[in-house]
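Take a look at the structure set out below.
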Amino acid sequence: MKKKITRHKGGLPLLTDDDFLFGSDLPEREQDSFVEMFDPSSFDSEVRAAMKSEQEGNPGKKIIYPPAQEHLDLHGLTGQEAERKVENFLLTARGKGLRTVSIITGKGIHSQGFPVLRDLVERMAKAMKTGKEIRNYVWENGQRERSGAIIIYL
């Protein structure tokens, strides 16, 4: 017997739970392997493998980073305070498995003399990139002079 299709006001068919078996007819081992494909830890190993491949000079998949997942605002801090906050922020972000973060340094408009935080955070980012602690960094608006935030790719 053919099932009658009920339609929504817009003409699209309304589906019921009976329309979705989602592999219940598959052997149990095949259902398990489907679940394993969506294990978040497997994504981390893929990223590590792609990074290793790229470092060895083998062209591989390009990693696409999400927009900043968390932000740290350094407004009003001294250089020493900012340095400690940035270090702790990046350690915490790595521990959470984040891939992109933003550090708001401000443009230094209200600084007495030269802007301190932008130079400090950029020096830290350069050192971390050289030491392979971070993947890369860019200024938010593409140019340091027009930006008040730096994007860090972990």
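A note on labels: chains of the structure tokens are A, B, ... as shown, every chain counts residues from 1, and ligands are counted from 1 in their shown order.
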
Near stretch 124-137 of chain A, 10 Å: stretch 67-110 of chain A residue rows, closest pairs, only C-alpha atoms, as CSV:
```
residue,atom,partner,partner_atom,distance
A:Glu83,CA,A:Met124,CA,8.2
A:Val86,CA,A:Met124,CA,8.8
A:Glu87,CA,A:Met124,CA,9.0
A:Leu90,CA,A:Ile134,CA,9.1
A:Leu91,CA,A:Glu133,CA,10.0
A:Arg94,CA,A:Ile134,CA,9.6
A:Arg99,CA,A:Arg135,CA,9.3
A:Thr100,CA,A:Tyr137,CA,9.4
A:Val101,CA,A:Tyr137,CA,9.6
A:Ser102,CA,A:Tyr137,CA,9.5
```

Keeping C-alpha atoms for every residue in the selection just given, could you write it to a file as an mmCIF file, in the first residue's frame?
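The new file result-v5.cif reads:
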```cif
data_model
loop_
_atom_site.group_PDB
_atom_site.id
_atom_site.type_symbol
_atom_site.label_atom_id
_atom_site.label_comp_id
_atom_site.auth_asym_id
_atom_site.auth_seq_id
_atom_site.Cartn_x
_atom_site.Cartn_y
_atom_site.Cartn_z
ATOM 1 C CA GLU A 83 51.717 39.801 28.823
ATOM 2 C CA VAL A 86 47.804 36.893 26.866
ATOM 3 C CA GLU A 87 49.876 33.879 27.946
ATOM 4 C CA LEU A 90 46.273 31.337 24.874
ATOM 5 C CA LEU A 91 46.984 28.395 27.201
ATOM 6 C CA ARG A 94 44.492 25.698 23.510
ATOM 7 C CA ARG A 99 41.384 27.289 16.783
ATOM 8 C CA THR A 100 40.970 31.070 16.424
ATOM 9 C CA VAL A 101 41.061 33.804 19.061
ATOM 10 C CA SER A 102 41.150 37.580 19.004
#
```

task = Identify, on the basis of only C-alpha atoms, every residue whose closest approach to A:Thr78 does not exceed 12 Å; exclude the query and any residue fewer than 3 positions from it along the same chain; express the result as a PyMOL selection string.
result = chain A and resi 74-75+81-85+105+111-112+115-118+120-121

task = Go ahead and compute the interatomic distance for atom CA of A:Leu98 and atom CA of A:Asp119, in Å to one decimal.
result = 24.2 Å

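Across the structure, atom CA of A:Ala68 and atom CA of A:Phe114 are spaced 27.3 Å apart.
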